[in-house]
Each structure stands twice: as structure tokens, then as C-alpha cells.
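Each remark here refers to the structure printed beneath this line.
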Amino acid sequence: MTLNPATQYADDCNLRARQRLWLHQDPPFDLVGWVLDLAGLSPGLQVLDVGCGNGAYLRAMRDRHIRAVGCDLSIGMLRAASHPALLNGDVAALPVRDASFGVVLAPHMLYHVPDRESAARELHRALIPGGVCIAVTNGSQHLRSLRDLVEQAARTSTPGWEMRGPSTQAFSLENGAAQLGVSFEHVTCTRPGGGPVVIRDAAVAADYVASMASHYQDEVACPWRDVVQDVRFSVQQVIDEKGAFITAGDTGAFVCR
């Protein structure tokens, strides 16, 4: 797959389509709150949110009265974040001083980075002694039932194709600890659990799959919109038969010191 296509994060439209899927988790699960609790935030700590995207973590920290700086490679994402302290920069060469932050967050972003060894060094460099970095990613079973439908649709034109996402391959819960361990002495993986995603509107799943077009179009012979339509049809069939299409996340975090 194309690791980080230029059009994927030119703005936050694709990210918002994926964020909407998680609004259907039942019971609802506040992943952002879970990550912030894991970080042990307290007033007075300075936090760096690397790969801040459209600002979900920044808004949650503002509500907790935590001082935070957001950093992202995408200018479009920074515009969407709407936060007073933002930096445009690459995690492999962070535009911050050594030992500047008590907490560094890297939520769902390291799998987009080609040079993760340099990124891990930079995340460590930004921390004060005794600080903590929280890196969030997914495991191999993430949205497995939805990915099965995508693969089924794509294989009509591209036999044997697999949806090898970066968050389940490049930097995942299965292989991320070793990658972070080049810079951090202690790396612990923790999973929050959380309920399944219960989809009663096929458009929610279809929009999620459509948001991945620039990642996967080059790998399949048919137009990606055809894959999206096939997935929409398959999800609707399940909804018609069972009342809902069920999928589940496989998300967790590495606590790094």
C-alpha cells in the first residue's frame, strides 16, 4: 500500500470519515480519554501531541486544563485542529528543544512514518527525564470483519489481494514494542478492550472504506469506488438479515519510558 499519499491528509475529510465509524461503538468508549488517563496527566505538565490531526486529543486536554502543543506534518490538519499552539513538523525531526515535555503523545501516527527509528529517537529526545511517551496503534485483528468484506470485493478484479494496512503491519501492537525499544528502556503494551462497533447504516462502513482510496487504489485492478459499492451492498445485506453489521477494533497503546 502507499504509506502516506499526499492527498490522504491534505485536509481532515478522510480522517473524519474514519472517526465517525467509532461513534457507533456500543457501549461507547472514549479512547482519547483512556489514552490521557494512561499518560497520567496533571496540571502543570507540558504535553506534545505528535501527529495531532484535527485536534481530538488537543480539545480533550483543553477541557482538562492541560497545556499542550500540537504538531503535524499536514498543514490541512493543523488548520482543522484550531488550537493556539501548533507546529508544522516531521516526527523524524521534531521542531522542539531537547527535554521540553513531560508527556509526548503519538496517537495512531507512527505507522505513517517511513523512518520509525528516527521517530522513536525524536520522541525520546523531546521528553524530560522521567517523562512518558504514549504511542497508540492497532493490532492484527483490527476491524477484521470489515476488512474481510473489502478483500472479498477487491479480489473480484485482483485475486489474492490482502488489505495490509500500515497500522496492522508496519507499526502494530504485535511489532511496535521492538521498534520503540531502540530508544526507550521500558515499553509496555496495554489494551483497553471496549465494545464492538454496531453499524445500522451501511453508509458508515462505505464512507470508512472510501476514505482509504489513496492508500489502496494502486494495488487493485478495479476502481476503488467499485470496492466501496460492493462493501456497502454486503453490509446492507447483513443489516437486512440481522439488524446490524458488527465489527470490532483491536487498539492499544505502548507506554514508553
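Chain lettering (A, B, ...) mirrors the order of the C-alpha cells, residue numbering begins at 1 for each chain separately, and ligand numbering begins at 1 in order of display.
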
For this session: Would you list, as a PyMOL selection string, the residues of stretch 8-192 of chain A that end up in strand (DSSP E or B) under DSSP run on this structure's backbone?
Result: chain A and resi 25+46-50+67-72+86-88+90+93+101-107+127-138+187-190

Write a file of the selected residues as a compact mmCIF listing (two decimals), in the first residue's frame, keeping N, CA, C and O atoms.
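Final output, selection-v2.txt:
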```txt
# COMPACT_ATOMS: atom_id res chain seq x y z
N GLN A 25 -19.58 2.65 18.36
CA GLN A 25 -19.13 1.63 19.30
C GLN A 25 -20.14 1.50 20.42
O GLN A 25 -20.65 2.50 20.94
N GLN A 46 3.63 19.87 30.64
CA GLN A 46 3.61 20.32 29.25
C GLN A 46 3.55 19.08 28.36
O GLN A 46 4.34 18.15 28.52
N VAL A 47 2.60 19.05 27.41
CA VAL A 47 2.36 17.88 26.59
C VAL A 47 2.58 18.22 25.12
O VAL A 47 2.15 19.27 24.65
N LEU A 48 3.23 17.31 24.40
CA LEU A 48 3.38 17.42 22.96
C LEU A 48 2.56 16.32 22.30
O LEU A 48 2.76 15.14 22.56
N ASP A 49 1.63 16.72 21.45
CA ASP A 49 0.78 15.79 20.70
C ASP A 49 1.32 15.71 19.27
O ASP A 49 1.09 16.61 18.46
N VAL A 50 2.05 14.64 18.98
CA VAL A 50 2.70 14.48 17.68
C VAL A 50 1.74 13.76 16.72
O VAL A 50 1.25 12.68 17.04
N ARG A 67 -1.85 22.09 29.43
CA ARG A 67 -1.16 22.84 28.39
C ARG A 67 -0.59 21.87 27.37
O ARG A 67 0.17 20.96 27.73
N ALA A 68 -0.91 22.05 26.11
CA ALA A 68 -0.47 21.12 25.08
C ALA A 68 -0.08 21.86 23.81
O ALA A 68 -0.64 22.90 23.47
N VAL A 69 0.89 21.27 23.12
CA VAL A 69 1.33 21.76 21.82
C VAL A 69 1.03 20.65 20.81
O VAL A 69 1.34 19.48 21.05
N GLY A 70 0.41 21.01 19.70
CA GLY A 70 0.14 20.04 18.65
C GLY A 70 1.16 20.16 17.53
O GLY A 70 1.60 21.26 17.20
N CYS A 71 1.53 19.02 16.95
CA CYS A 71 2.49 19.01 15.85
C CYS A 71 1.96 18.07 14.77
O CYS A 71 1.54 16.95 15.08
N ASP A 72 2.00 18.50 13.52
CA ASP A 72 1.58 17.64 12.42
C ASP A 72 2.32 18.04 11.16
O ASP A 72 2.68 19.21 10.97
N LEU A 86 0.49 25.33 17.79
CA LEU A 86 0.64 24.31 16.76
C LEU A 86 1.99 24.45 16.06
O LEU A 86 2.46 25.57 15.82
N LEU A 87 2.57 23.30 15.72
CA LEU A 87 3.83 23.27 14.99
C LEU A 87 3.66 22.42 13.74
O LEU A 87 3.02 21.38 13.77
N ASN A 88 4.22 22.88 12.64
CA ASN A 88 4.27 22.07 11.42
C ASN A 88 5.63 21.39 11.38
O ASN A 88 6.66 22.05 11.30
N ASP A 90 7.92 17.26 11.12
CA ASP A 90 8.05 15.83 10.90
C ASP A 90 8.51 15.18 12.20
O ASP A 90 9.44 15.66 12.85
N ALA A 93 12.12 14.60 12.78
CA ALA A 93 12.97 15.76 13.08
C ALA A 93 12.11 16.81 13.75
O ALA A 93 11.81 17.85 13.17
N PHE A 101 9.18 18.35 27.27
CA PHE A 101 7.81 17.94 27.59
C PHE A 101 7.79 16.79 28.59
O PHE A 101 8.61 15.86 28.51
N GLY A 102 6.82 16.86 29.49
CA GLY A 102 6.64 15.78 30.46
C GLY A 102 5.94 14.58 29.87
O GLY A 102 6.12 13.45 30.31
N VAL A 103 5.09 14.84 28.86
CA VAL A 103 4.36 13.78 28.17
C VAL A 103 4.43 14.04 26.67
O VAL A 103 4.24 15.18 26.23
N VAL A 104 4.70 12.99 25.92
CA VAL A 104 4.63 13.07 24.45
C VAL A 104 3.64 12.01 23.99
O VAL A 104 3.74 10.84 24.35
N LEU A 105 2.67 12.44 23.19
CA LEU A 105 1.67 11.53 22.63
C LEU A 105 1.98 11.30 21.16
O LEU A 105 2.31 12.24 20.43
N ALA A 106 1.84 10.04 20.73
CA ALA A 106 1.98 9.69 19.31
C ALA A 106 0.80 8.77 18.96
O ALA A 106 0.96 7.57 18.81
N PRO A 107 -0.41 9.34 18.85
CA PRO A 107 -1.61 8.51 18.68
C PRO A 107 -1.90 8.19 17.22
O PRO A 107 -2.09 9.07 16.40
N LEU A 127 11.34 14.38 25.54
CA LEU A 127 10.86 14.15 26.90
C LEU A 127 11.85 14.64 27.95
O LEU A 127 13.07 14.48 27.80
N ILE A 128 11.30 15.15 29.04
CA ILE A 128 12.13 15.42 30.20
C ILE A 128 12.51 14.09 30.86
O ILE A 128 11.84 13.07 30.65
N PRO A 129 13.58 14.05 31.67
CA PRO A 129 13.90 12.83 32.42
C PRO A 129 12.70 12.40 33.27
O PRO A 129 12.08 13.22 33.95
N GLY A 130 12.34 11.13 33.17
CA GLY A 130 11.19 10.63 33.90
C GLY A 130 9.87 10.83 33.20
O GLY A 130 8.82 10.44 33.71
N GLY A 131 9.89 11.43 32.00
CA GLY A 131 8.67 11.65 31.24
C GLY A 131 8.18 10.37 30.58
O GLY A 131 8.84 9.33 30.61
N VAL A 132 6.99 10.44 29.99
CA VAL A 132 6.38 9.25 29.39
C VAL A 132 5.88 9.58 27.99
O VAL A 132 5.35 10.66 27.73
N CYS A 133 6.08 8.62 27.10
CA CYS A 133 5.54 8.71 25.74
C CYS A 133 4.46 7.63 25.59
O CYS A 133 4.67 6.49 25.98
N ILE A 134 3.32 8.01 25.03
CA ILE A 134 2.24 7.05 24.75
C ILE A 134 2.06 6.97 23.23
O ILE A 134 1.72 7.98 22.59
N ALA A 135 2.31 5.81 22.67
CA ALA A 135 2.16 5.59 21.23
C ALA A 135 0.98 4.64 21.01
O ALA A 135 0.96 3.54 21.56
N VAL A 136 0.00 5.08 20.25
CA VAL A 136 -1.23 4.31 20.04
C VAL A 136 -1.23 3.71 18.64
O VAL A 136 -0.85 4.37 17.67
N THR A 137 -1.65 2.46 18.54
CA THR A 137 -1.77 1.82 17.23
C THR A 137 -2.78 0.68 17.31
O THR A 137 -3.49 0.54 18.31
N ASN A 138 -2.85 -0.12 16.25
CA ASN A 138 -3.82 -1.22 16.17
C ASN A 138 -3.12 -2.56 16.08
O ASN A 138 -1.93 -2.64 15.74
N VAL A 187 9.15 -0.41 27.59
CA VAL A 187 8.00 -0.28 26.69
C VAL A 187 6.98 -1.34 27.10
O VAL A 187 7.26 -2.53 27.05
N THR A 188 5.79 -0.88 27.49
CA THR A 188 4.73 -1.79 27.92
C THR A 188 3.51 -1.60 27.04
O THR A 188 3.07 -0.47 26.81
N CYS A 189 2.96 -2.71 26.55
CA CYS A 189 1.75 -2.65 25.72
C CYS A 189 0.52 -2.91 26.57
O CYS A 189 0.50 -3.84 27.38
N THR A 190 -0.50 -2.09 26.39
CA THR A 190 -1.75 -2.29 27.12
C THR A 190 -2.92 -2.10 26.17
O THR A 190 -2.88 -1.26 25.28
```

For this session: as a ChimeraX atom specification, list the residues of stretch 3-238 of chain A assigned to helix (DSSP H, G or I) by DSSP on the backbone atoms of this structure.
Result: /A:13-24,31-39,56-63,75-81,110-112,116-126,144-154,166-168,176-180,202-210,213-219,224-238

Seminar exercise, completed: Shortest contact to A:Leu41, candidates A:Pro27, A:Pro166, A:Ile66, A:Gly195, atoms counted only C-alpha atoms, goes to A:Ile66

Write out as a CSV table (one decimal) with N, CA and C atoms, in the first residue's frame which residues come within 8 Å of A:Asp207 when counting only C-alpha atoms, dropping same-chain ones fewer than 2 positions away.
```
chain,number,residue,atom,x,y,z
A,17,ALA,N,-14.1,10.7,8.3
A,17,ALA,CA,-14.9,9.6,7.9
A,17,ALA,C,-14.6,8.4,8.8
A,18,ARG,N,-13.3,8.2,9.1
A,18,ARG,CA,-12.9,7.1,10.0
A,18,ARG,C,-13.3,7.3,11.4
A,203,ALA,N,-23.9,3.2,5.0
A,203,ALA,CA,-23.1,4.3,4.6
A,203,ALA,C,-21.9,4.6,5.5
A,204,VAL,N,-22.0,4.3,6.8
A,204,VAL,CA,-20.9,4.5,7.7
A,204,VAL,C,-19.7,3.6,7.4
A,205,ALA,N,-20.0,2.4,7.0
A,205,ALA,CA,-18.9,1.5,6.6
A,205,ALA,C,-18.4,1.9,5.3
A,209,VAL,N,-14.5,2.9,4.2
A,209,VAL,CA,-13.7,2.3,3.1
A,209,VAL,C,-13.3,3.3,2.0
A,210,ALA,N,-14.2,4.1,1.7
A,210,ALA,CA,-13.9,5.2,0.6
A,210,ALA,C,-12.8,6.1,1.1
A,211,SER,N,-12.6,6.3,2.3
A,211,SER,CA,-11.6,7.2,2.8
A,211,SER,C,-10.2,6.6,2.6
A,228,VAL,N,-16.0,0.0,-2.8
A,228,VAL,CA,-16.8,0.7,-1.8
A,228,VAL,C,-18.3,0.3,-2.0
```

Please report, as JSON lines, each residue of stretch 175-257 of chain A lying at most 8 Å from stretch 7-10 of chain A, together with the nearest pair of atoms and the separation in Å rounded to one decimal; use only C-alpha atoms, and order rows by chain and ascending residue number.
```
{"residue": "A:Ser211", "atom": "CA", "partner": "A:Gln8", "partner_atom": "CA", "distance": 8.0}
{"residue": "A:Met212", "atom": "CA", "partner": "A:Gln8", "partner_atom": "CA", "distance": 7.9}
{"residue": "A:Ser214", "atom": "CA", "partner": "A:Gln8", "partner_atom": "CA", "distance": 6.2}
{"residue": "A:His215", "atom": "CA", "partner": "A:Gln8", "partner_atom": "CA", "distance": 7.6}
```

Problem set entry | Closest of A:Glu174, A:Asp240, A:Asp37, A:Asp226 to A:Asp201 - atom-to-atom distances counting only C-alpha atoms |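 Looking at the shortest contact to A:Asp201, the residue is A:Asp240.
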
Exercise. From the set A:His65, A:Arg257, A:Arg191, A:Arg200, which residue has the shortest atom-to-atom contact distance to A:Lys242, counting only C-alpha atoms?
Worked result: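 Smallest distance to A:Lys242 is found for A:Arg200.
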
Exercise. So which one's closest to A:Gln152, A:Gly176, A:Ala85, A:Ser234, A:Gln19? Using only C-alpha atoms, please.
Worked result: A:Ser234

For this session: Write out as a PyMOL selection string the residues lying within 6 Å of stretch 74-77 of chain A, counting only C-alpha atoms and excluding same-chain residues fewer than 5 positions away.
Result: chain A and resi 10-12+53-54

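As for atom CA of A:Ala248 and atom CA of A:Gly194, they are spaced 8.7 Å apart.
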
Problem set entry | Residue nearest A:Gly40 among A:Ala6, A:Val255, A:Ser183, A:Ser118 (counting only C-alpha atoms) |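 Among the listed residues, A:Val255 lies closest to A:Gly40.
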
Exercise. Atom CA of A:Ser140 and atom CA of A:Ala170, how far apart in Å?
Worked result: 10.7 Å

For this session: Would you work out the distance separating atom CA of A:Val238 from atom CA of A:Thr168, expressed in Å to one decimal?
Result: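 A separation of 25.2 Å between them.
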
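With distances taken over only C-alpha atoms, A:Arg59 is the one residue among A:Pro159, A:Leu15, A:His124, A:Arg59 lying closest to A:Val32.
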